[in-house]
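Worksheet for the structure shown next.
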Amino acid sequence: MRRPVSGSRPNVDSYPLSSIGTLLREDALGCPIRASLGILGRKWALVVLRDVAFWPDQTFGQLLARSEGLTPRVLTNRLRELRSEELIEKLSDPHDDRKVHYRLTSKGKDVVPVLMALSAFGLRHLAPQVTPDGKTRTLAQTFPGLAPVLLRDLYEFALTSRDG
């Protein structure tokens with residue numbers, strides 16, 4: 001089986017999903033999806049990351065108000081975990097020491113393409129739940145001019161390493 005060349009757009013039909021497991025190394029330590037879901041799969045984690053990413057410098061109260069059903073206790077835990085994983089950072093308000101704001105770290109910005117991929121899935125397959133008229137949309141229609149920046153290039157991103 002040929003592997004896609006860097007920069008080319010792979011065709012999923014040329015790589016049957018049922019054969020992907022045969023390409024994985026037997027000595028791998030674990031599953032990268034399972035490891036990622038260890039933090040990103042926690043209840044409300046992706047929603048909190050979405051809010052911190054798309055509405056910068058959110059306060060605790062703003063984050064809480066934006067998500068119906070999110071409790072202060074759960075938000076406190078998610079913020080603590082996301083900070084511990086270095087996905088967000090906590091900043092003091094320069095005008096009011098009692099206020100704290102949250103912002104994505106550089107590592108946290110790597111989650112934005114994942115959020116956009118989930119958005120694309122929802123816009124395509126869950127339109128009745130996410131669009132006012134129930135019609136499917138593309139990311140380009142929903143975020144005019146921004147989709148390429150927000151998605152970056154997931155393929156190229158997957159090929160790069162933070163270590164070099």
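Each chain of the structure tokens is named A, B, ... in the order shown, its residues numbered from 1; ligands are numbered from 1 in display order.
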
Output as a tab-separated table one row per residue of stretch 26-73 of chain A within 9 Å of stretch 85-90 of chain A: the closest atom pair and its distance in Å to one decimal place, counting only C-alpha atoms, sorted by chain and residue number ascending.
residue	atom	partner	partner_atom	distance
A:Ile39	CA	A:Glu85	CA	7.8
A:Leu49	CA	A:Ile88	CA	8.0
A:Val52	CA	A:Ile88	CA	8.0

Problem - Residue neighbourhood stretch 138-145 of chain A, 10 Å, only C-alpha atoms, exclusion window fewer than 2 positions, as a list in words - result: Met116, Ala117, Ser119, Ala120, Phe121, Gly122, Leu123, Arg124, Thr131, Thr136, Ala147, Pro148, Val149, Leu150 and Leu151 of chain A

Save out the residues we just selected, C-alpha atoms, as a short mmCIF file (atom, residue, chain, number, x, y, z; two decimals), in the first residue's frame.
data_model
loop_
_atom_site.label_atom_id
_atom_site.label_comp_id
_atom_site.auth_asym_id
_atom_site.auth_seq_id
_atom_site.Cartn_x
_atom_site.Cartn_y
_atom_site.Cartn_z
CA MET A 116 -13.43 22.90 13.23
CA ALA A 117 -13.54 19.27 12.06
CA SER A 119 -18.05 21.74 13.43
CA ALA A 120 -17.88 20.48 9.84
CA PHE A 121 -19.34 17.14 10.89
CA GLY A 122 -22.15 18.83 12.81
CA LEU A 123 -22.95 21.21 9.96
CA ARG A 124 -23.09 18.34 7.49
CA THR A 131 -28.73 25.56 11.79
CA THR A 136 -26.60 21.61 5.80
CA ALA A 147 -12.40 28.30 7.48
CA PRO A 148 -8.93 27.81 5.90
CA VAL A 149 -7.26 29.61 8.80
CA LEU A 150 -9.29 27.81 11.45
CA LEU A 151 -8.84 24.40 9.88
#

Problem - Of the listed residues A:Arg73, A:Val111, A:Leu118, A:Gln129, that which approaches A:Ser36 most closely, counting only C-alpha atoms - result: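 Checking each candidate against A:Ser36, we get A:Val111 as the closest.
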
Completion exercise
Using only C-alpha atoms, the best pick from A:Asp96, A:Asp133, A:Glu81, A:Asp110 as closest to A:Ala45 would be A:Glu81
